[in-house]
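> Input my_file-v3.txt, format and content: compact mmCIF, C-alpha atoms.
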```txt
# COMPACT_ATOMS: atom_id res chain seq x y z
CA MET L 71 -16.76 -25.16 34.77
CA TRP L 72 -17.10 -24.34 38.45
CA LYS L 73 -19.91 -26.86 38.80
CA ARG L 74 -17.67 -29.57 37.37
CA ILE L 75 -14.91 -28.67 39.85
CA LYS L 76 -17.32 -28.96 42.79
CA LYS L 77 -18.53 -32.34 41.61
CA PHE L 78 -14.93 -33.51 41.28
CA TRP L 79 -14.22 -32.23 44.79
CA TYR L 80 -17.14 -34.15 46.29
CA PHE L 81 -15.98 -37.26 44.50
CA THR L 82 -12.39 -36.80 45.73
CA LEU L 83 -13.54 -36.07 49.25
CA GLY L 84 -15.54 -39.29 49.32
CA VAL L 85 -12.76 -41.40 47.79
CA ILE L 86 -10.09 -40.09 50.22
CA THR L 87 -12.18 -39.80 53.37
CA LEU L 88 -13.63 -43.30 53.19
CA PRO L 89 -10.23 -45.10 53.19
CA ILE L 90 -8.87 -42.83 55.94
CA THR L 91 -11.92 -43.41 58.11
CA THR L 92 -11.62 -47.13 57.47
CA LEU L 93 -7.91 -47.15 58.31
CA VAL L 94 -8.44 -45.18 61.53
CA ALA L 95 -11.20 -47.54 62.61
CA LEU L 96 -9.08 -50.60 61.85
CA GLY L 97 -6.12 -48.99 63.62
CA LYS L 98 -8.10 -48.71 66.82
CA LEU L 99 -8.94 -52.40 66.60
CA PHE L 100 -5.53 -53.53 65.49
CA ALA L 101 -3.04 -51.29 67.25
CA SER L 102 -0.03 -53.07 65.83
CA TRP L 103 -1.31 -52.70 62.30
CA TYR L 104 -2.09 -49.00 62.97
CA LYS L 105 1.53 -48.34 63.90
CA ASN L 106 2.67 -49.65 60.58
CA SER L 107 -0.06 -47.60 58.78
CA LYS L 108 0.73 -44.18 60.26
CA ARG L 109 2.83 -43.11 57.30
CA LEU L 110 0.07 -44.03 54.86
CA VAL L 111 -2.54 -42.18 56.96
CA ARG L 112 -0.38 -39.03 57.07
CA ILE L 113 0.12 -39.17 53.32
CA LEU L 114 -3.63 -39.49 52.77
CA LEU L 115 -4.40 -36.62 55.16
CA LEU L 116 -1.84 -34.34 53.51
CA SER L 117 -3.29 -35.27 50.14
CA LEU L 118 -6.74 -34.32 51.37
CA VAL L 119 -5.55 -30.93 52.67
CA GLY L 120 -3.58 -30.33 49.47
CA ALA L 121 -6.60 -31.15 47.35
CA PHE L 122 -8.72 -28.74 49.40
CA VAL L 123 -6.17 -25.90 49.06
CA ALA L 124 -5.88 -26.57 45.32
CA LEU L 125 -9.66 -26.47 45.01
CA ILE L 126 -9.89 -23.10 46.80
CA ALA L 127 -7.15 -21.63 44.60
CA THR L 128 -8.86 -22.98 41.49
CA ALA L 129 -12.16 -21.46 42.58
CA PHE L 130 -10.56 -18.01 42.98
CA ILE L 131 -8.89 -18.27 39.59
CA VAL L 132 -12.12 -19.39 37.86
CA ASP L 133 -14.14 -16.57 39.48
CA TYR L 134 -11.51 -14.02 38.49
CA ILE L 135 -11.54 -15.19 34.88
CA ASP L 136 -15.37 -15.16 34.81
CA ASP L 137 -15.41 -11.58 36.16
CA ILE L 138 -13.01 -10.42 33.47
CA GLN L 139 -15.03 -12.10 30.72
CA ARG L 140 -18.30 -10.69 32.11
CA GLN L 141 -16.83 -7.19 32.25
CA ARG L 142 -15.65 -7.47 28.65
CA ARG L 143 -19.10 -8.60 27.55
CA LEU L 144 -20.73 -5.66 29.36
CA GLU L 145 -18.31 -3.16 27.83
CA GLN L 146 -19.00 -4.35 24.32
CA SER L 147 -21.46 -2.23 22.33
CA HIS L 148 -24.88 -3.87 22.30
CA GLY L 149 -26.54 -1.43 19.88
CA THR L 150 -25.72 0.95 17.04
CA HIS L 151 -27.92 3.84 15.86
CA TYR L 152 -26.91 5.52 12.62
CA ILE L 153 -27.23 9.29 12.97
CA SER L 154 -25.78 10.31 9.61
CA GLN L 155 -23.30 9.09 7.02
CA VAL L 156 -20.39 9.93 9.31
CA LEU L 157 -21.89 9.46 12.78
CA GLU L 158 -23.29 6.53 14.69
CA GLN L 159 -24.36 6.23 18.31
CA HIS L 160 -22.98 3.25 20.23
CA THR L 161 -24.93 2.07 23.26
CA PHE L 162 -23.53 -0.11 26.05
CA TYR L 163 -24.87 -2.31 28.83
CA ASN L 164 -23.29 -0.54 31.78
CA LYS L 165 -21.87 2.72 30.39
CA PRO L 166 -23.25 5.88 28.76
CA SER L 167 -23.67 5.94 25.00
CA LYS L 168 -20.92 7.36 22.79
CA MET L 169 -20.86 9.09 19.40
CA TYR L 170 -18.48 7.56 16.86
CA ASN L 171 -17.10 9.52 13.87
CA HIS L 172 -16.18 7.41 10.83
CA LYS L 173 -14.04 10.17 9.34
CA THR L 174 -11.72 10.42 12.32
CA GLN L 175 -12.32 6.79 13.38
CA SER L 176 -12.72 7.96 16.97
CA TYR L 177 -15.36 8.81 19.54
CA VAL L 178 -16.23 12.52 19.40
CA ILE L 179 -18.66 12.36 22.36
CA ASP L 180 -17.89 10.07 25.30
CA THR L 181 -21.05 10.72 27.33
CA LEU L 182 -24.27 10.89 25.32
CA ASP L 183 -27.87 10.42 26.40
CA HIS L 184 -30.20 11.97 23.83
CA ILE L 185 -30.21 13.85 20.54
CA PHE L 186 -32.88 16.49 19.80
CA GLN L 187 -33.50 16.90 16.08
CA TYR L 188 -36.05 19.60 15.30
CA GLN L 189 -36.48 18.75 11.62
CA LEU L 190 -35.06 16.01 9.41
CA SER L 191 -33.26 18.68 7.39
CA ASP L 192 -31.38 19.99 10.44
CA THR L 193 -27.60 20.05 10.18
CA ILE L 194 -26.90 21.19 13.73
CA VAL L 195 -28.70 19.31 16.52
CA ILE L 196 -28.78 19.50 20.32
CA TYR L 197 -27.55 16.64 22.49
CA THR L 198 -27.44 15.97 26.25
CA ASP L 199 -24.72 14.33 28.28
CA ILE L 200 -26.98 12.60 30.85
CA ARG L 201 -30.72 12.09 31.23
CA ARG L 202 -32.34 15.19 29.74
CA HIS L 203 -34.82 15.56 32.64
CA ASP L 204 -31.99 15.57 35.19
CA TYR L 205 -31.36 19.09 36.52
CA ASN L 206 -27.60 18.51 36.25
CA SER L 207 -27.71 17.55 32.57
CA LYS L 208 -25.94 19.79 30.07
CA ARG L 209 -26.68 20.59 26.43
CA GLY L 210 -24.30 20.74 23.52
CA PHE L 211 -24.48 21.20 19.73
CA LEU L 212 -23.38 18.69 17.12
CA ASN L 213 -23.03 19.02 13.34
CA ILE L 214 -24.38 15.69 12.11
CA LYS L 215 -23.16 16.25 8.55
CA SER L 216 -19.48 16.91 9.37
CA GLY L 217 -19.40 15.00 12.65
CA GLU L 218 -17.96 18.03 14.45
CA VAL L 219 -18.92 18.95 18.01
CA ILE L 220 -19.62 22.69 17.82
CA VAL L 221 -20.36 23.18 21.51
CA PRO L 222 -19.53 20.44 24.06
CA ALA L 223 -22.22 19.57 26.62
CA ARG L 224 -20.43 21.38 29.41
CA ASP L 225 -21.71 24.91 30.15
CA TYR L 226 -25.37 25.12 29.08
CA ARG L 227 -28.25 23.68 31.11
CA LYS L 228 -30.90 24.44 28.45
CA ALA L 229 -30.68 24.96 24.71
CA TRP L 230 -33.02 25.60 21.79
CA HIS L 231 -32.64 24.83 18.11
CA PHE L 232 -31.05 27.29 15.72
CA SER L 233 -33.38 29.80 14.09
CA GLU L 234 -32.15 32.43 11.68
CA GLY L 235 -28.55 31.59 12.57
CA LEU L 236 -28.92 31.93 16.36
CA ALA L 237 -29.68 29.49 19.19
CA ALA L 238 -30.72 30.35 22.73
CA VAL L 239 -28.83 28.74 25.62
CA VAL L 240 -29.15 28.99 29.40
CA LYS L 241 -26.12 29.50 31.63
CA GLU L 242 -26.44 30.17 35.37
CA ASN L 243 -30.17 30.76 34.82
CA LYS L 244 -29.55 33.50 32.25
CA VAL L 245 -30.50 33.35 28.55
CA GLY L 246 -28.10 34.27 25.77
CA PHE L 247 -27.72 33.41 22.07
CA ILE L 248 -24.85 31.78 20.20
CA ASN L 249 -24.10 31.49 16.48
CA THR L 250 -23.31 28.33 14.49
CA GLN L 251 -19.63 28.61 15.49
CA GLY L 252 -20.58 28.49 19.18
CA GLU L 253 -19.73 32.17 19.74
CA VAL L 254 -21.91 34.26 22.08
CA VAL L 255 -23.72 36.89 19.99
CA ILE L 256 -26.37 38.13 22.45
CA PRO L 257 -24.93 38.09 25.99
CA PHE L 258 -26.51 36.39 28.99
CA ILE L 259 -28.57 39.35 30.20
CA PHE L 260 -32.09 37.85 30.17
CA ASP L 261 -33.73 35.84 32.95
CA TYR L 262 -34.79 32.28 32.23
CA ALA L 263 -38.35 31.54 33.38
CA GLU L 264 -38.47 28.10 35.01
CA SER L 265 -42.27 28.13 34.81
CA THR L 266 -42.12 27.92 31.01
CA GLU L 267 -40.62 24.40 30.95
CA TYR L 268 -44.05 22.74 30.76
CA LEU L 269 -45.17 24.80 27.74
CA TRP L 270 -44.95 22.61 24.66
CA ASP L 271 -45.10 25.55 22.22
CA PHE L 272 -42.53 27.69 24.00
CA GLY L 273 -39.07 28.47 22.70
CA TYR L 274 -36.62 31.37 22.51
CA MET L 275 -36.50 31.22 18.71
CA PHE L 276 -36.28 34.02 16.15
CA TYR L 277 -38.85 34.53 13.43
CA ASN L 278 -38.47 37.45 10.99
CA GLY L 279 -35.85 38.89 13.36
CA TYR L 280 -37.89 38.70 16.60
CA SER L 281 -38.02 36.27 19.50
CA ILE L 282 -39.98 35.75 22.72
CA MET L 283 -38.09 36.67 25.89
CA THR L 284 -38.81 36.66 29.63
CA ASP L 285 -37.76 38.74 32.64
CA SER L 286 -37.12 38.02 36.32
CA SER L 287 -40.87 38.13 37.12
CA CYS L 288 -41.60 35.54 34.38
CA LYS L 289 -43.35 38.14 32.22
CA PHE L 290 -43.11 37.75 28.44
CA GLY L 291 -41.99 40.30 25.86
CA ILE L 292 -40.34 40.42 22.42
CA ILE L 293 -36.69 41.19 21.56
CA ASN L 294 -34.87 41.80 18.29
CA LYS L 295 -31.53 40.35 17.14
CA ALA L 296 -29.65 43.15 18.84
CA GLY L 297 -30.98 41.91 22.19
CA GLN L 298 -33.25 44.95 22.63
CA TRP L 299 -36.81 44.88 23.91
CA VAL L 300 -39.32 45.83 21.20
CA VAL L 301 -42.24 44.73 23.39
CA GLU L 302 -41.57 45.23 27.09
CA PRO L 303 -42.14 42.12 29.29
CA GLN L 304 -45.74 42.57 30.46
CA TYR L 305 -47.70 39.46 29.43
CA ASP L 306 -48.31 36.21 31.30
CA ARG L 307 -47.56 34.27 28.15
CA ILE L 308 -46.68 34.70 24.49
CA THR L 309 -46.69 31.60 22.32
CA GLY L 310 -44.33 30.74 19.51
CA ILE L 311 -45.23 31.61 15.95
CA ASP L 312 -48.03 29.46 14.53
CA GLU L 313 -48.17 28.29 10.93
CA TYR L 314 -49.91 31.53 9.90
CA GLY L 315 -47.31 33.84 11.47
CA PHE L 316 -49.27 34.83 14.61
CA ARG L 317 -48.43 34.75 18.31
CA LYS L 318 -51.13 34.20 20.93
CA VAL L 319 -50.91 36.53 23.94
CA GLU L 320 -52.31 35.98 27.44
CA LEU L 321 -52.76 38.36 30.36
CA ASP L 322 -54.94 37.85 33.46
CA GLY L 323 -56.94 35.08 31.80
CA LYS L 324 -57.67 37.12 28.65
CA TYR L 325 -56.22 36.53 25.19
CA GLY L 326 -55.10 38.54 22.21
CA LEU L 327 -53.21 38.06 18.96
CA MET L 328 -50.01 39.68 17.70
CA LYS L 329 -47.70 39.50 14.69
CA SER L 330 -44.17 38.19 14.94
CA ASP L 331 -42.78 41.69 15.65
CA GLY L 332 -45.16 42.23 18.58
CA THR L 333 -47.75 44.36 16.77
CA LEU L 334 -51.16 43.60 18.29
CA VAL L 335 -53.81 42.39 15.84
CA TYR L 336 -56.41 41.85 18.60
CA ASN L 337 -56.09 43.46 22.02
CA VAL L 338 -55.71 41.20 25.05
CA ASP L 339 -59.33 41.26 26.24
CA TYR L 340 -60.92 38.18 24.62
CA ASP L 341 -61.99 34.92 26.27
CA GLU L 342 -60.76 33.01 23.22
CA VAL L 343 -58.74 33.75 20.10
CA THR L 344 -58.20 30.86 17.68
CA VAL L 345 -56.73 31.12 14.19
CA TYR L 346 -58.04 28.30 11.99
CA ASP L 347 -56.30 29.57 8.89
CA GLY L 348 -54.91 32.89 7.83
CA ASP L 349 -58.39 34.21 7.00
CA ASN L 350 -60.58 32.60 9.67
CA ILE L 351 -60.23 33.82 13.25
CA VAL L 352 -62.70 32.73 15.96
CA LEU L 353 -63.19 35.16 18.84
CA ALA L 354 -65.15 34.96 22.11
CA LYS L 355 -65.95 37.85 24.42
CA ASN L 356 -68.70 38.74 26.93
CA GLY L 357 -70.52 35.45 26.39
CA ARG L 358 -70.55 35.69 22.60
CA LYS L 359 -68.56 33.83 19.99
CA TRP L 360 -68.11 34.70 16.32
CA LYS L 361 -65.78 34.41 13.33
CA GLU L 362 -63.93 37.14 11.47
CA ASN L 363 -61.68 37.27 8.41
CA SER L 364 -58.24 38.89 8.33
CA ARG L 365 -59.85 42.24 7.45
CA GLY L 366 -61.92 42.26 10.64
CA GLN L 367 -65.23 41.49 8.90
CA VAL L 368 -67.65 39.18 10.75
CA THR L 369 -68.24 36.07 8.64
CA ALA L 370 -70.24 33.99 11.14
CA LYS L 371 -72.28 35.08 14.19
CA ASN L 372 -73.61 33.23 17.23
CA LEU L 373 -71.06 30.40 17.34
CA PHE L 374 -70.96 28.06 20.34
CA ASP L 375 -69.03 25.04 21.60
CA SER L 376 -71.92 22.71 22.47
CA THR L 377 -75.61 22.61 23.40
CA SER L 378 -77.74 20.63 25.85
CA PRO L 379 -81.56 20.48 26.07
CA LEU L 380 -83.34 22.22 28.93
CA ILE L 381 -85.89 19.82 30.45
CA ILE L 382 -88.59 20.37 33.08
CA TYR L 383 -89.09 17.54 35.59
CA ALA L 384 -92.76 17.57 36.79
CA LEU L 385 -94.14 15.43 39.61
CA ASN L 386 -97.18 13.38 38.49
CA ALA L 387 -100.05 11.78 40.45
CA ASP L 388 -98.16 8.51 40.87
CA GLY L 389 -95.31 10.25 42.65
CA ASP L 390 -92.97 9.90 39.70
CA TYR L 391 -91.38 12.62 37.59
CA ASP L 392 -92.40 13.29 34.02
CA THR L 393 -89.88 14.90 31.67
CA ILE L 394 -91.12 17.80 29.60
CA LEU L 395 -88.89 18.83 26.70
CA THR L 396 -88.88 22.60 26.25
CA PRO L 397 -88.01 24.55 23.07
CA TYR L 398 -84.94 25.97 24.82
CA VAL L 399 -81.36 24.71 24.99
CA ALA L 400 -78.35 25.80 27.00
CA TYR L 401 -75.43 26.63 24.74
CA GLN L 402 -71.81 26.83 25.85
CA VAL L 403 -69.15 29.42 25.01
CA CYS L 404 -65.82 28.69 26.70
CA ASP L 405 -66.85 27.79 30.28
CA ARG L 406 -70.11 29.77 30.39
CA TYR L 407 -73.72 29.04 29.37
CA GLY L 408 -76.52 31.00 27.71
CA VAL L 409 -80.05 30.21 26.49
CA MET L 410 -81.12 29.72 22.88
CA ASP L 411 -84.45 28.89 21.24
CA SER L 412 -83.76 25.60 19.45
CA GLN L 413 -86.62 26.12 16.98
CA THR L 414 -85.86 29.66 15.81
CA GLY L 415 -82.16 29.90 16.68
CA GLU L 416 -82.87 33.09 18.68
CA ILE L 417 -80.27 33.86 21.35
CA LEU L 418 -82.16 34.81 24.50
CA CYS L 419 -79.04 35.83 26.41
CA PRO L 420 -75.25 35.67 26.05
CA ALA L 421 -73.33 32.82 27.68
CA LEU L 422 -72.67 34.55 31.02
CA PHE L 423 -73.63 31.89 33.58
CA THR L 424 -71.83 28.94 35.12
CA ASP L 425 -75.07 26.90 35.12
CA ILE L 426 -78.62 27.19 33.77
CA GLU L 427 -81.74 25.11 34.50
CA ILE L 428 -85.35 25.60 33.47
CA VAL L 429 -87.79 25.28 36.39
CA GLY L 430 -91.03 26.44 34.78
CA LYS L 431 -92.55 27.11 31.39
CA GLU L 432 -90.73 30.45 31.01
CA LEU L 433 -88.73 30.51 34.24
CA PHE L 434 -85.00 29.80 34.51
CA GLU L 435 -82.65 29.35 37.44
CA VAL L 436 -79.17 30.68 36.64
CA SER L 437 -75.92 30.56 38.62
CA SER L 438 -72.85 32.73 38.35
CA ASP L 439 -69.52 33.24 40.10
CA GLU L 440 -69.29 36.88 39.02
CA ALA L 441 -69.14 39.36 41.87
CA ASP L 442 -71.91 41.58 40.47
CA ILE L 443 -74.39 38.73 39.87
CA PRO L 444 -76.03 36.74 42.70
CA TYR L 445 -74.89 33.12 42.87
CA SER L 446 -78.42 31.84 42.14
CA LEU L 447 -81.14 33.87 40.43
CA TYR L 448 -84.59 33.20 38.94
CA LEU L 449 -85.19 34.94 35.61
CA THR L 450 -87.97 34.81 33.05
CA SER L 451 -87.37 34.52 29.31
CA ASN L 452 -88.11 38.26 29.00
CA ASP L 453 -85.51 39.01 31.68
CA LEU L 454 -82.95 37.04 29.70
CA ARG L 455 -83.78 38.88 26.45
CA LYS L 456 -83.04 42.19 28.16
CA MET L 457 -79.40 41.05 28.60
CA ARG L 458 -78.78 40.97 24.84
```
If you convert what's in this file into structure tokens, what do you get?

Amino acid sequence: MWKRIKKFWYFTLGVITLPITTLVALGKLFASWYKNSKRLVRILLLSLVGAFVALIATAFIVDYIDDIQRQRRLEQSHGTHYISQVLEQHTFYNKPSKMYNHKTQSYVIDTLDHIFQYQLSDTIVIYTDIRRHDYNSKRGFLNIKSGEVIVPARDYRKAWHFSEGLAAVVKENKVGFINTQGEVVIPFIFDYAESTEYLWDFGYMFYNGYSIMTDSSCKFGIINKAGQWVVEPQYDRITGIDEYGFRKVELDGKYGLMKSDGTLVYNVDYDEVTVYDGDNIVLAKNGRKWKENSRGQVTAKNLFDSTSPLIIYALNADGDYDTILTPYVAYQVCDRYGVMDSQTGEILCPALFTDIEIVGKELFEVSSDEADIPYSLYLTSNDLRKMR
């Protein structure tokens, strides 16, 4: 529309200006005629000014109407996500999303960014008011079956899903637990560990009446539903319950395994503890790796992560290097290496070294970062066997 008005203006300007210019030029040549034409010239000039003023006013009106229409278009919902039978999320072009309740025919949440649903069967879910990675974002709880907001996203900076009727929330950097009515059951007496935010398997969630908890020094322990410590905070990390009911424990780079209530199954002095199923547990310690069942019986010895051949490079008469394949391989356990006879499967030494090379028929160069072992050392195959 505005383009058409501008075209009309250019046309009008040309139609009016040309006669006026012509009349002025003729008036200079024919003074007497110009006297008689003054009235007509004034009328044409006033018409030109009036047309210009009208055009400016029209332009303002058109722009104002366009702005209103554009704003209305932006405020209209451009997407709908169905959350449940009673709830749907409306998204907008220039405003935060909202949550609409069909029962009440009203918006129950006016500022909505994201919904966290732990399982498809969940009735109560967590939602955030603004971008969930923003430090200023808040968490709330929503019943997606009834459409009721249990806890508005107002007070809690972090929140975890309900487990055994309780959900952990963070307020002023303290952890407490609420029930499904939003009431505080375990007060905010525990310190939230910021360093745990990157841990994908971390969560203050109860299992068989026990949950992980942290203290002001970011040490991990276990509490019960009364908010009491059953395992004092002393570990660098305790994971959530795995599918077999175990928690992995870490302290000073060593690992152990505990039950949900904090009872240790394996002490925290292993290089690796991995539960493959309830009756197959792989352990690594002092350069060795093996498998046990749930009764502590060894079911497989001399496990390793990978192997690589040990090759001797010998200089020949032509000045080139020949490769001599030896019967030995370097095998890896965690981040250390040992030596094994590839033909007999004999373990010459545990995986204690950061690097191993063979430099002669029965001579090996080993490296280590342990304080009691020289960084580089030459050992024979008999020397290695003495380490078993």
> What separation in Å, quoted to one decimal, exists between CA of Asp199 (chain L) and CA of Met169 (chain L)?
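Calculated distance between CA of Asp199 (chain L) and CA of Met169 (chain L) is 11.0 Å.
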> Set the distance at 6 Å and use all atoms listed in the file: which residues neighbour region 358-361 of chain L once local chain neighbours fewer than 3 positions away are removed? I'd like the list as a count of residues only.
12
> Pick from L:His160, L:Arg224, L:His231, L:Lys173: nearest to Val195 (chain L), with all atoms listed in the file counted?
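Ranking L:His160, L:Arg224, L:His231, L:Lys173 by distance to Val195 (chain L), first place goes to L:His231.
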> Have a look at CA of Ile311 (chain L) and CA of Ser330 (chain L) and let me know their distance in Å, one decimal.
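One can read the CA of Ile311 (chain L) to CA of Ser330 (chain L) distance as 6.7 Å.
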> Please provide as a list in words all residues within 7 Å of Ile382 (chain L), with the sequence filter that same-chain residues fewer than 5 positions apart are discarded (counting all atoms listed in the file).
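Residues near the query, excluding close chain neighbours: Thr393, Ile394, Leu395, Ile428, Val429 and Gly430 of chain L.
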> Take the selection from the previous step and output its residues with C-alpha atoms, as a PDB file, in the coordinates of the input.

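Writing done, so here's result15.pdb:
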```
ATOM      1  CA  THR L 393     -89.880  14.900  31.670  1.00  0.00           C
ATOM      2  CA  ILE L 394     -91.120  17.800  29.600  1.00  0.00           C
ATOM      3  CA  LEU L 395     -88.890  18.830  26.700  1.00  0.00           C
ATOM      4  CA  ILE L 428     -85.350  25.600  33.470  1.00  0.00           C
ATOM      5  CA  VAL L 429     -87.790  25.280  36.390  1.00  0.00           C
ATOM      6  CA  GLY L 430     -91.030  26.440  34.780  1.00  0.00           C
TER       7      GLY L 430
END
```
> Need to verify the contact set: region 246-262 of chain L, 12 Å, all atoms listed in the file, exclusion of same-chain residues closer than 6 positions in sequence. Can you return it as a ChimeraX atom specification?
/L:193-196,210-213,218-223,225-240,273-276,281-299,303
> CA of Ser207 (chain L) to CA of Thr181 (chain L): how many Å, to one decimal?
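These two atoms are separated by 10.9 Å.
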